[in-house]
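Chemist: Sending over coords24.csv (CSV, C-alpha atoms).
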```csv
chain,number,residue,atom,x,y,z
A,1,MET,CA,0.0,0.0,0.0
A,2,ASP,CA,1.2,3.5,-0.9
A,3,ARG,CA,2.0,5.4,2.3
A,4,ARG,CA,-0.3,8.2,1.2
A,5,GLU,CA,-3.1,5.8,0.7
A,6,GLN,CA,-2.3,4.3,4.1
A,7,PHE,CA,-2.9,7.7,5.8
A,8,GLN,CA,-5.8,8.7,3.7
A,9,GLN,CA,-8.4,7.3,6.0
A,10,ARG,CA,-7.8,8.9,9.2
A,11,PRO,CA,-7.0,6.3,11.8
A,12,GLY,CA,-9.5,6.1,14.7
A,13,GLN,CA,-12.4,7.2,12.5
A,14,ALA,CA,-13.7,4.3,10.6
A,15,ALA,CA,-15.3,4.9,7.2
A,16,ASP,CA,-18.7,3.9,8.4
A,17,GLU,CA,-18.4,6.2,11.4
A,18,GLU,CA,-17.7,9.1,9.1
A,19,THR,CA,-20.5,8.1,6.8
A,20,SER,CA,-22.9,8.0,9.7
A,21,ARG,CA,-22.0,11.6,10.6
A,22,GLY,CA,-22.5,12.6,7.0
A,23,ARG,CA,-18.9,13.6,6.6
A,24,ARG,CA,-16.7,13.0,3.6
A,25,PRO,CA,-13.6,10.9,3.7
A,26,GLY,CA,-10.5,12.5,5.0
A,27,PRO,CA,-7.7,14.0,3.0
A,28,ALA,CA,-4.6,12.1,2.0
A,29,PHE,CA,-2.2,13.0,4.7
A,30,ALA,CA,1.4,13.1,3.7
A,31,HIS,CA,2.5,11.5,6.9
A,32,ALA,CA,1.2,9.5,9.9
A,33,SER,CA,2.1,12.4,12.3
A,34,GLU,CA,-0.4,14.6,10.4
A,35,ALA,CA,-3.1,12.0,10.5
A,36,GLU,CA,-2.5,11.5,14.2
A,37,PHE,CA,-2.6,15.3,14.8
A,38,ALA,CA,-5.9,15.5,12.9
A,39,ARG,CA,-7.3,12.7,15.1
A,40,ILE,CA,-6.4,14.7,18.2
A,41,LEU,CA,-8.1,17.8,16.8
A,42,ASP,CA,-11.2,15.7,15.9
A,43,PHE,CA,-11.2,14.2,19.4
A,44,TYR,CA,-11.3,17.6,21.0
A,45,GLN,CA,-13.8,18.9,18.4
A,46,VAL,CA,-11.5,21.6,17.0
A,47,ALA,CA,-12.3,22.4,13.4
A,48,TRP,CA,-9.4,22.0,11.0
A,49,GLU,CA,-8.5,22.2,7.4
A,50,TYR,CA,-5.6,20.4,5.8
A,51,GLU,CA,-3.2,22.6,3.8
A,52,PRO,CA,-6.0,24.9,2.7
A,53,GLN,CA,-3.7,27.7,1.5
A,54,VAL,CA,-0.3,28.1,-0.3
A,55,PHE,CA,1.5,31.3,0.6
A,56,PRO,CA,4.1,32.7,-1.8
A,57,ILE,CA,7.2,33.6,0.1
A,58,LEU,CA,9.9,34.2,-2.4
A,59,TRP,CA,10.1,36.0,-5.7
A,60,ASP,CA,12.9,36.8,-8.1
A,61,LEU,CA,13.8,40.3,-9.2
A,62,ASP,CA,11.2,40.2,-12.0
A,63,GLY,CA,8.5,39.3,-9.6
A,64,ASN,CA,8.3,35.7,-10.5
A,65,LEU,CA,7.3,33.4,-7.7
A,66,LEU,CA,10.2,31.1,-6.7
A,67,GLU,CA,9.0,29.6,-3.5
A,68,SER,CA,5.8,29.1,-1.5
A,69,PHE,CA,4.7,27.5,1.7
A,70,ALA,CA,1.6,25.6,2.7
A,71,PRO,CA,1.2,25.1,6.4
A,72,ASP,CA,-0.1,21.7,7.3
A,73,PHE,CA,-3.3,22.7,9.2
A,74,TYR,CA,-5.5,25.7,9.6
A,75,LEU,CA,-7.8,25.9,12.6
A,76,PRO,CA,-10.5,28.3,11.6
A,77,ASP,CA,-12.1,28.8,15.0
A,78,LEU,CA,-8.7,29.7,16.4
A,79,GLU,CA,-7.5,31.5,13.3
A,80,LEU,CA,-4.3,29.6,13.7
A,81,PHE,CA,-2.0,27.7,11.2
A,82,VAL,CA,-0.1,24.8,12.5
A,83,GLU,CA,3.0,23.3,10.9
A,84,LEU,CA,4.3,20.0,12.1
A,85,THR,CA,8.0,19.5,11.8
A,86,THR,CA,8.6,16.0,13.1
A,87,LEU,CA,11.7,15.4,11.2
A,88,GLN,CA,15.5,15.6,11.4
A,89,GLN,CA,17.1,18.7,12.8
A,90,ARG,CA,18.9,19.7,9.6
A,91,LEU,CA,15.6,19.8,7.8
A,92,VAL,CA,13.9,21.7,10.7
A,93,ARG,CA,16.3,24.6,10.1
A,94,LYS,CA,15.1,24.9,6.5
A,95,LYS,CA,11.5,24.9,7.6
A,96,ASN,CA,12.2,27.4,10.4
A,97,ARG,CA,13.5,29.8,7.7
A,98,LYS,CA,10.4,29.4,5.7
A,99,VAL,CA,8.2,30.1,8.7
A,100,ARG,CA,10.3,33.2,9.5
A,101,ARG,CA,9.8,34.4,6.0
A,102,LEU,CA,6.1,33.7,6.2
A,103,ARG,CA,5.8,35.7,9.4
A,104,GLU,CA,7.7,38.6,7.8
A,105,LEU,CA,5.4,38.7,4.8
A,106,TYR,CA,2.2,38.0,6.6
A,107,PRO,CA,2.5,39.6,10.0
A,108,ASN,CA,-1.2,39.2,10.8
A,109,LEU,CA,-1.1,35.5,10.3
A,110,ARG,CA,-0.8,33.3,13.3
A,111,ILE,CA,1.3,30.1,12.9
A,112,LYS,CA,2.4,27.6,15.5
A,113,LEU,CA,5.3,25.3,14.8
A,114,PHE,CA,5.0,21.9,16.3
A,115,TYR,CA,8.5,20.4,16.6
A,116,ALA,CA,9.3,16.8,17.0
A,117,ARG,CA,9.7,17.2,20.7
A,118,ASP,CA,6.3,18.8,21.0
A,119,PHE,CA,4.8,15.9,19.1
A,120,ARG,CA,6.7,13.4,21.2
A,121,ALA,CA,5.4,15.1,24.4
A,122,LEU,CA,1.9,15.0,23.1
A,123,MET,CA,2.1,11.3,22.3
A,124,LEU,CA,3.6,10.6,25.7
A,125,LYS,CA,0.8,12.6,27.4
A,126,TYR,CA,-1.8,10.6,25.5
A,127,GLY,CA,-0.2,7.3,26.2
A,128,ARG,CA,0.7,6.8,22.5
A,129,ALA,CA,4.4,6.4,23.0
A,130,ALA,CA,4.3,3.2,21.0
A,131,LEU,CA,3.4,5.2,17.9
A,132,LEU,CA,6.4,7.4,18.1
A,133,SER,CA,8.7,5.2,16.0
A,134,GLU,CA,6.1,5.4,13.2
A,135,LEU,CA,5.8,9.2,13.3
A,136,SER,CA,9.0,10.6,11.9
A,137,GLY,CA,8.2,13.5,9.6
A,138,THR,CA,8.7,14.9,6.2
A,139,LEU,CA,9.7,18.1,4.5
A,140,GLY,CA,6.9,18.1,2.0
A,141,GLN,CA,5.6,21.6,2.7
A,142,VAL,CA,8.0,23.5,0.6
A,143,SER,CA,7.5,23.9,-3.1
A,144,PRO,CA,9.5,25.9,-5.7
A,145,HIS,CA,6.6,26.5,-8.1
A,146,GLN,CA,8.8,26.2,-11.1
A,147,ASP,CA,5.9,26.0,-13.6
A,148,GLU,CA,3.2,27.9,-11.8
A,149,SER,CA,2.1,31.4,-12.7
A,150,PRO,CA,3.7,34.0,-10.5
A,151,SER,CA,1.2,35.5,-8.1
A,152,ALA,CA,1.4,37.7,-5.2
A,153,GLU,CA,-1.7,36.2,-3.8
A,154,PRO,CA,-1.6,33.0,-1.7
A,155,GLN,CA,-3.1,30.1,-3.5
A,156,ASN,CA,-6.1,28.4,-2.1
A,157,ARG,CA,-5.7,24.7,-2.4
A,158,PRO,CA,-8.6,22.4,-2.5
A,159,ILE,CA,-9.1,21.1,1.0
A,160,GLY,CA,-7.3,17.9,1.6
A,161,ALA,CA,-5.6,18.0,-1.7
A,162,GLY,CA,-2.4,17.3,0.1
A,163,ARG,CA,1.1,18.2,-0.9
A,164,ALA,CA,1.8,15.4,-3.3
A,165,GLY,CA,0.5,17.1,-6.3
A,166,ARG,CA,3.1,19.9,-6.0
A,167,LYS,CA,6.5,19.9,-7.6
A,168,GLY,CA,9.7,19.9,-5.7
A,169,VAL,CA,8.6,17.6,-2.9
A,170,ASP,CA,11.9,16.5,-1.5
A,171,ILE,CA,10.5,14.0,0.9
A,172,ASP,CA,10.6,10.3,1.3
A,173,LEU,CA,7.0,10.0,0.2
A,174,ALA,CA,7.7,11.7,-3.1
A,175,GLU,CA,8.7,8.5,-4.8
A,176,SER,CA,5.8,6.5,-3.4
A,177,ALA,CA,3.4,7.3,-6.2
A,178,ALA,CA,3.2,9.2,-9.4
A,179,PRO,CA,1.8,12.8,-9.1
A,180,ALA,CA,-1.4,12.0,-11.1
A,181,GLU,CA,-2.0,8.9,-9.1
A,182,ARG,CA,-1.5,10.8,-5.8
A,183,ASP,CA,-3.8,13.6,-6.9
A,184,SER,CA,-6.5,11.2,-7.6
A,185,LYS,CA,-6.3,10.0,-4.1
A,186,ALA,CA,-6.7,13.4,-2.6
A,187,GLY,CA,-10.1,14.3,-1.4
A,188,PRO,CA,-11.9,16.9,0.6
A,189,GLY,CA,-11.4,16.8,4.3
A,190,PRO,CA,-13.9,16.7,7.1
A,191,HIS,CA,-14.5,20.1,8.7
A,192,TYR,CA,-16.8,21.1,11.4
A,193,GLU,CA,-17.4,24.7,10.3
A,194,ARG,CA,-15.5,25.1,7.2
A,195,ARG,CA,-15.1,28.7,5.9
A,196,SER,CA,-16.0,29.3,2.3
A,197,ARG,CA,-13.1,29.4,0.0
A,198,GLY,CA,-14.1,33.0,-0.8
A,199,ALA,CA,-13.8,34.0,2.9
A,200,ARG,CA,-10.4,32.3,3.2
A,201,ARG,CA,-9.3,34.1,0.0
A,202,ARG,CA,-10.4,37.4,1.3
A,203,ALA,CA,-8.7,36.9,4.6
A,204,VAL,CA,-5.4,36.0,2.9
A,205,ARG,CA,-5.7,39.0,0.6
A,206,ARG,CA,-6.0,41.2,3.6
A,207,ALA,CA,-2.9,39.6,5.1
A,208,ALA,CA,-1.0,39.9,1.8
A,209,ALA,CA,-2.0,43.6,1.5
A,210,ALA,CA,-0.9,44.3,5.0
A,211,ALA,CA,2.4,42.7,4.2
A,212,GLN,CA,2.8,44.9,1.1
A,213,MET,CA,3.5,42.0,-1.2
A,214,PRO,CA,5.6,42.7,-4.3
A,215,ALA,CA,3.5,43.5,-7.3
A,216,THR,CA,3.5,41.0,-10.2
B,1,MET,CA,6.4,0.7,31.8
B,2,ARG,CA,8.8,0.1,34.7
B,3,VAL,CA,8.2,2.0,37.9
B,4,SER,CA,10.6,2.2,40.8
B,5,GLU,CA,9.2,1.1,44.1
B,6,ASP,CA,9.8,4.4,45.8
B,7,LEU,CA,8.7,6.5,42.8
B,8,VAL,CA,11.2,9.1,43.7
B,9,SER,CA,14.0,7.3,41.9
B,10,ASP,CA,12.2,7.9,38.6
B,11,VAL,CA,12.3,11.6,39.1
B,12,ALA,CA,15.3,13.4,37.5
B,13,GLU,CA,14.7,16.7,39.1
B,14,VAL,CA,12.4,18.3,41.7
B,15,LEU,CA,10.8,21.2,39.9
B,16,LEU,CA,8.6,22.4,42.7
B,17,THR,CA,9.0,21.4,46.3
B,18,GLU,CA,6.1,20.7,48.7
B,19,GLU,CA,6.8,24.0,50.4
B,20,GLN,CA,6.9,26.0,47.2
B,21,ILE,CA,3.6,24.5,46.2
B,22,ALA,CA,2.0,25.1,49.6
B,23,ALA,CA,3.1,28.8,49.5
B,24,LYS,CA,1.7,29.3,46.0
B,25,VAL,CA,-1.6,27.6,46.8
B,26,ALA,CA,-2.0,29.9,49.8
B,27,GLU,CA,-1.2,32.9,47.7
B,28,LEU,CA,-3.8,31.9,45.1
B,29,GLY,CA,-6.3,31.2,47.7
B,30,LYS,CA,-5.9,34.7,49.1
B,31,ARG,CA,-6.3,36.2,45.7
B,32,ILE,CA,-9.4,34.2,44.9
B,33,SER,CA,-10.9,35.0,48.3
B,34,ASP,CA,-10.4,38.7,47.5
B,35,ASP,CA,-11.7,38.6,44.0
B,36,TYR,CA,-14.8,36.6,44.7
B,37,ALA,CA,-15.9,38.2,47.9
B,38,GLY,CA,-19.7,38.4,48.0
B,39,ARG,CA,-20.2,36.2,45.0
B,40,GLU,CA,-21.5,32.6,44.7
B,41,LEU,CA,-18.4,30.7,43.9
B,42,THR,CA,-18.3,27.1,42.6
B,43,LEU,CA,-14.9,25.4,42.3
B,44,VAL,CA,-14.9,22.8,39.6
B,45,SER,CA,-12.1,20.3,39.7
B,46,VAL,CA,-11.1,18.5,36.6
B,47,LEU,CA,-10.3,14.9,37.5
B,48,LYS,CA,-8.0,13.3,38.2
B,49,GLY,CA,-4.9,15.4,38.1
B,50,SER,CA,-6.3,18.5,39.9
B,51,LEU,CA,-7.5,16.6,43.0
B,52,PRO,CA,-4.6,17.4,45.3
B,53,PHE,CA,-4.5,21.0,44.1
B,54,MET,CA,-8.3,21.3,44.6
B,55,ALA,CA,-8.1,19.9,48.1
B,56,ASP,CA,-5.4,22.3,49.1
B,57,LEU,CA,-6.8,25.3,47.3
B,58,MET,CA,-10.3,25.1,48.6
B,59,ARG,CA,-9.0,25.1,52.2
B,60,ARG,CA,-7.1,28.3,51.4
B,61,ILE,CA,-10.2,30.2,50.2
B,62,SER,CA,-12.0,32.0,53.0
B,63,LEU,CA,-15.4,32.2,51.4
B,64,PRO,CA,-18.5,30.1,51.3
B,65,LEU,CA,-18.2,28.0,48.2
B,66,ARG,CA,-19.4,24.9,46.5
B,67,ILE,CA,-17.2,22.3,45.0
B,68,ASP,CA,-18.0,20.0,42.1
B,69,LEU,CA,-16.0,17.5,40.1
B,70,MET,CA,-15.8,16.7,36.4
B,71,GLU,CA,-13.9,14.2,34.4
B,72,VAL,CA,-13.5,14.1,30.6
B,73,SER,CA,-12.0,11.3,28.5
B,74,SER,CA,-8.5,11.8,27.3
B,75,TYR,CA,-7.3,11.2,23.8
B,76,GLY,CA,-5.9,7.8,23.5
B,77,GLY,CA,-7.4,6.7,26.8
B,78,THR,CA,-6.2,3.4,27.9
B,79,SER,CA,-6.4,1.7,24.6
B,80,THR,CA,-4.2,2.0,21.5
B,81,GLU,CA,-7.1,3.1,19.4
B,82,SER,CA,-8.7,6.5,19.6
B,83,SER,CA,-12.2,6.5,20.9
B,84,GLY,CA,-13.5,9.1,18.5
B,85,LEU,CA,-14.6,12.2,20.4
B,86,VAL,CA,-14.0,13.6,23.8
B,87,ARG,CA,-16.7,12.6,26.3
B,88,ILE,CA,-17.8,13.8,29.7
B,89,LEU,CA,-17.1,10.9,32.0
B,90,LYS,CA,-18.4,12.6,35.1
B,91,ASP,CA,-20.6,15.6,34.8
B,92,LEU,CA,-21.4,18.3,37.4
B,93,SER,CA,-23.6,17.1,40.2
B,94,ALA,CA,-25.4,20.5,40.6
B,95,PRO,CA,-26.5,23.3,38.3
B,96,ILE,CA,-24.2,26.2,37.9
B,97,ASP,CA,-26.5,28.7,36.2
B,98,GLY,CA,-26.0,32.1,37.6
B,99,ARG,CA,-23.0,31.0,39.7
B,100,ASP,CA,-19.4,32.1,39.3
B,101,VAL,CA,-17.4,29.1,38.3
B,102,LEU,CA,-13.7,28.7,38.8
B,103,LEU,CA,-12.3,25.8,36.9
B,104,VAL,CA,-9.4,24.2,38.8
B,105,GLU,CA,-6.8,22.5,36.7
B,106,ASP,CA,-3.5,20.9,37.5
B,107,ILE,CA,-1.7,21.9,34.3
B,108,ILE,CA,-2.5,23.6,31.0
B,109,ASP,CA,-0.4,22.7,28.0
B,110,THR,CA,-2.1,22.4,24.6
B,111,GLY,CA,-5.3,23.9,26.0
B,112,LEU,CA,-7.4,21.4,24.1
B,113,THR,CA,-9.2,19.9,27.1
B,114,LEU,CA,-9.7,23.3,28.7
B,115,ASN,CA,-11.1,24.7,25.5
B,116,TYR,CA,-13.6,21.9,25.3
B,117,LEU,CA,-14.6,22.2,28.9
B,118,ILE,CA,-15.2,25.9,28.8
B,119,ARG,CA,-17.4,25.6,25.8
B,120,TYR,CA,-19.3,22.8,27.5
B,121,LEU,CA,-19.7,24.8,30.8
B,122,LYS,CA,-20.8,27.9,29.0
B,123,GLY,CA,-23.8,26.0,27.8
B,124,LYS,CA,-24.9,25.7,31.4
B,125,ASN,CA,-25.3,29.4,31.8
B,126,PRO,CA,-23.0,30.3,34.7
B,127,ASN,CA,-22.5,33.9,35.6
B,128,SER,CA,-18.8,33.7,34.9
B,129,ILE,CA,-16.2,31.1,34.1
B,130,LYS,CA,-12.6,31.6,35.1
B,131,VAL,CA,-9.6,29.3,35.2
B,132,CYS,CA,-7.1,28.5,37.9
B,133,SER,CA,-4.2,26.2,37.0
B,134,LEU,CA,-1.4,25.2,39.2
B,135,LEU,CA,1.0,24.8,36.3
B,136,ASP,CA,1.2,26.5,32.9
B,137,LYS,CA,3.3,25.1,30.1
B,138,PRO,CA,2.9,27.8,27.5
B,139,ALA,CA,5.4,26.3,25.1
B,140,ARG,CA,2.9,23.6,24.2
B,141,ARG,CA,-0.1,25.9,23.8
B,142,LEU,CA,-2.3,25.4,20.8
B,143,VAL,CA,-5.5,27.0,22.0
B,144,GLU,CA,-4.9,30.4,23.6
B,145,ILE,CA,-7.2,30.7,26.5
B,146,PRO,CA,-6.7,33.4,29.2
B,147,LEU,CA,-5.7,31.8,32.5
B,148,ASP,CA,-6.9,33.9,35.4
B,149,TYR,CA,-4.9,32.3,38.1
B,150,VAL,CA,-1.6,30.5,37.5
B,151,GLY,CA,0.6,29.0,40.1
B,152,PHE,CA,3.8,28.4,38.1
B,153,GLU,CA,4.9,28.7,34.6
B,154,ILE,CA,7.0,25.6,33.9
B,155,PRO,CA,9.5,24.7,31.2
B,156,ASP,CA,8.8,22.2,28.5
B,157,ALA,CA,9.4,19.0,30.4
B,158,PHE,CA,7.4,15.9,31.3
B,159,VAL,CA,6.3,16.5,34.9
B,160,VAL,CA,4.7,14.2,37.4
B,161,GLY,CA,3.6,14.5,41.0
B,162,TYR,CA,1.0,16.4,43.1
B,163,GLY,CA,-1.7,14.9,41.0
B,164,LEU,CA,0.1,14.7,37.7
B,165,ASP,CA,0.7,11.2,36.4
B,166,PHE,CA,2.3,9.1,33.8
B,167,GLY,CA,0.3,6.0,33.1
B,168,GLU,CA,-1.7,6.7,36.2
B,169,VAL,CA,1.3,6.5,38.4
B,170,TYR,CA,3.2,9.2,40.4
B,171,ARG,CA,0.1,11.2,41.3
B,172,ASN,CA,0.9,10.8,45.0
B,173,LEU,CA,4.3,12.4,45.0
B,174,ARG,CA,4.1,15.4,47.2
B,175,PHE,CA,6.2,17.5,44.9
B,176,VAL,CA,6.3,18.2,41.1
B,177,GLY,CA,9.2,16.7,39.4
B,178,VAL,CA,10.6,16.0,36.0
B,179,LEU,CA,10.3,12.3,35.1
B,180,ARG,CA,13.4,10.5,34.0
B,181,PRO,CA,13.2,9.6,30.3
B,182,GLU,CA,14.1,6.0,31.2
B,183,ALA,CA,10.8,5.8,33.1
B,184,TYR,CA,8.6,6.6,30.0
B,185,GLU,CA,10.9,5.1,27.4
B,186,SER,CA,11.1,1.7,29.1
```
Written as structure tokens, how would this file's structure read?

Modeler:
Amino acid sequence: MDRREQFQQRPGQAADEETSRGRRPGPAFAHASEAEFARILDFYQVAWEYEPQVFPILWDLDGNLLESFAPDFYLPDLELFVELTTLQQRLVRKKNRKVRRLRELYPNLRIKLFYARDFRALMLKYGRAALLSELSGTLGQVSPHQDESPSAEPQNRPIGAGRAGRKGVDIDLAESAAPAERDSKAGPGPHYERRSRGARRRAVRRAAAAAQMPAT
Amino acid sequence: MRVSEDLVSDVAEVLLTEEQIAAKVAELGKRISDDYAGRELTLVSVLKGSLPFMADLMRRISLPLRIDLMEVSSYGGTSTESSGLVRILKDLSAPIDGRDVLLVEDIIDTGLTLNYLIRYLKGKNPNSIKVCSLLDKPARRLVEIPLDYVGFEIPDAFVVGYGLDFGEVYRNLRFVGVLRPEAYES
């Protein structure tokens, strides 16, 4: 089984359980740690969206987009993005840089970085220490956008589309399935009070305007 | 999980001594007594971790008050499979509508449980809800909830004692200590 497929159905919430609540199947998580985090949020009834937005964070001198960043989760009720960084330290530095850049460009945006130690503590707290060995992370959130149209506006991504469809995914999961195949597995995620895409787009536009994004 | 017979051997460092805790509880009790004078206070203890704190705190508050207990299921529980959604395992035994509720917690880290509890209790129409926590671990916070009374802000470490457990053990330590990694890695 492809690892993405493995995490597509959120563990702990059986398909029939979701159907009985009238909810759609969960998104294809890029990693088990994300699936586990989503289960925790579900448990405590905190609404979440999986990678709902892509934020441009780097342009060349001509205004062409070079790099963007898609935080793992958005918690609409808390107006908080959460990025899980359950991976090796050398890769964490790279992700830290991206988050710093994101904060510079979008100062009104709230983002919480969840490091490996945070996740480990969470698992210990919930008596899930046995899962820790399975929950090493990925660096999949960073994409160079080599063939995408330059844009100053953050891209709204279909909920639950996951990161596998993007280019430049330098993670261990990248080889696990062809992009088209992975995209076909992506589906909309379950959300308690999902904001409309228009509302999210407007919110991000406001953040982008406040950050005085480079014109394209 | 391997637990030493005296429990103390599993503690790497004493973070808060019995005396420090007692002094802080007395200080919190005084503040709460001043703030709630003339009001109808109900202390709600969130089981099981806050039991020692609740027992000590209530005796340091010099006001007529009611106490009540609540317990909510924890993610993961005792099984390896998630049980779906958080549940109230023990609800309040008396109505709180119109009363001033002070939620007594042992520790706030992610804020997920507290967030759920506050939403739940608001549905019971209290006059006010405030939070008193012995320990605050802000480094782990996901849900930002104002804490009205905080005993100690603690570093990002796995702590046990004075009600705090690991695998239901260590609650009866009279101090708060950092658990040795060997204790939870074994």

Chemist: Distance CA of Pro138 (chain B)-CA of Arg90 (chain A), one decimal place?

Modeler: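 Between CA of Pro138 (chain B) and CA of Arg90 (chain A) the gap works out to 25.3 Å.
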
Chemist: Could you list, with a cut-off of 6 Å and counting all atoms listed in the file, the residues of chain B near chain A, each shown with its nearest atom pair and the distance in Å rounded to one decimal, rows sorted by chain and ascending number, as CSV?

Modeler:
```
residue,atom,partner,partner_atom,distance
B:Tyr75,CA,A:Tyr126,CA,5.8
B:Gly76,CA,A:Tyr126,CA,5.4
B:Ser82,CA,A:Gly12,CA,5.0
B:Gly84,CA,A:Phe43,CA,5.7
B:Leu85,CA,A:Phe43,CA,4.1
B:Val86,CA,A:Phe43,CA,5.2
```

Chemist: Report, in Å with one decimal, the straight-line distance from CA of Phe29 (chain A) to CA of Pro76 (chain A).

Modeler: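 Value for the CA of Phe29 (chain A)-CA of Pro76 (chain A) distance: 18.7 Å.
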
Chemist: Ranking B:Thr42, B:Ser33, B:Thr17, B:Thr113 by minimum distance to Lys130 (chain B) and counting all atoms listed in the file, which one comes first?

Modeler: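 Of the candidates, the smallest distance to Lys130 (chain B) is held by B:Thr42.
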
Chemist: Write out as a list in words which residues come within 10 Å of Ile96 (chain B) when counting all atoms listed in the file, dropping same-chain ones fewer than 6 positions away.

Modeler: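 The contact residues come out as Glu40, Leu41, Thr42, Arg66, Asp68, Leu121, Lys122, Lys124, Asn125, Pro126, Asn127 and Ser128 of chain B.
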
Chemist: Interatomic distance between CA of Arg60 (chain B) and CA of Leu28 (chain B)?

Modeler: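 Spanning CA of Arg60 (chain B) to CA of Leu28 (chain B) is a straight-line distance of 8.0 Å.
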
Chemist: Looking at only C-alpha atoms, which of B:Ile107, B:Leu179, B:Leu142, B:Ile61 is the one that sits closest to Val159 (chain B)?

Modeler: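 Counting only C-alpha atoms, the residue closest to Val159 (chain B) is B:Leu179.
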
Chemist: Using all atoms listed in the file, which of the listed residues (B:Ile129, B:Leu89, B:Leu135, B:Ala37) sits closest to Asp109 (chain B)?

Modeler: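 Using all atoms listed in the file, the shortest distance to Asp109 (chain B) belongs to B:Leu135.
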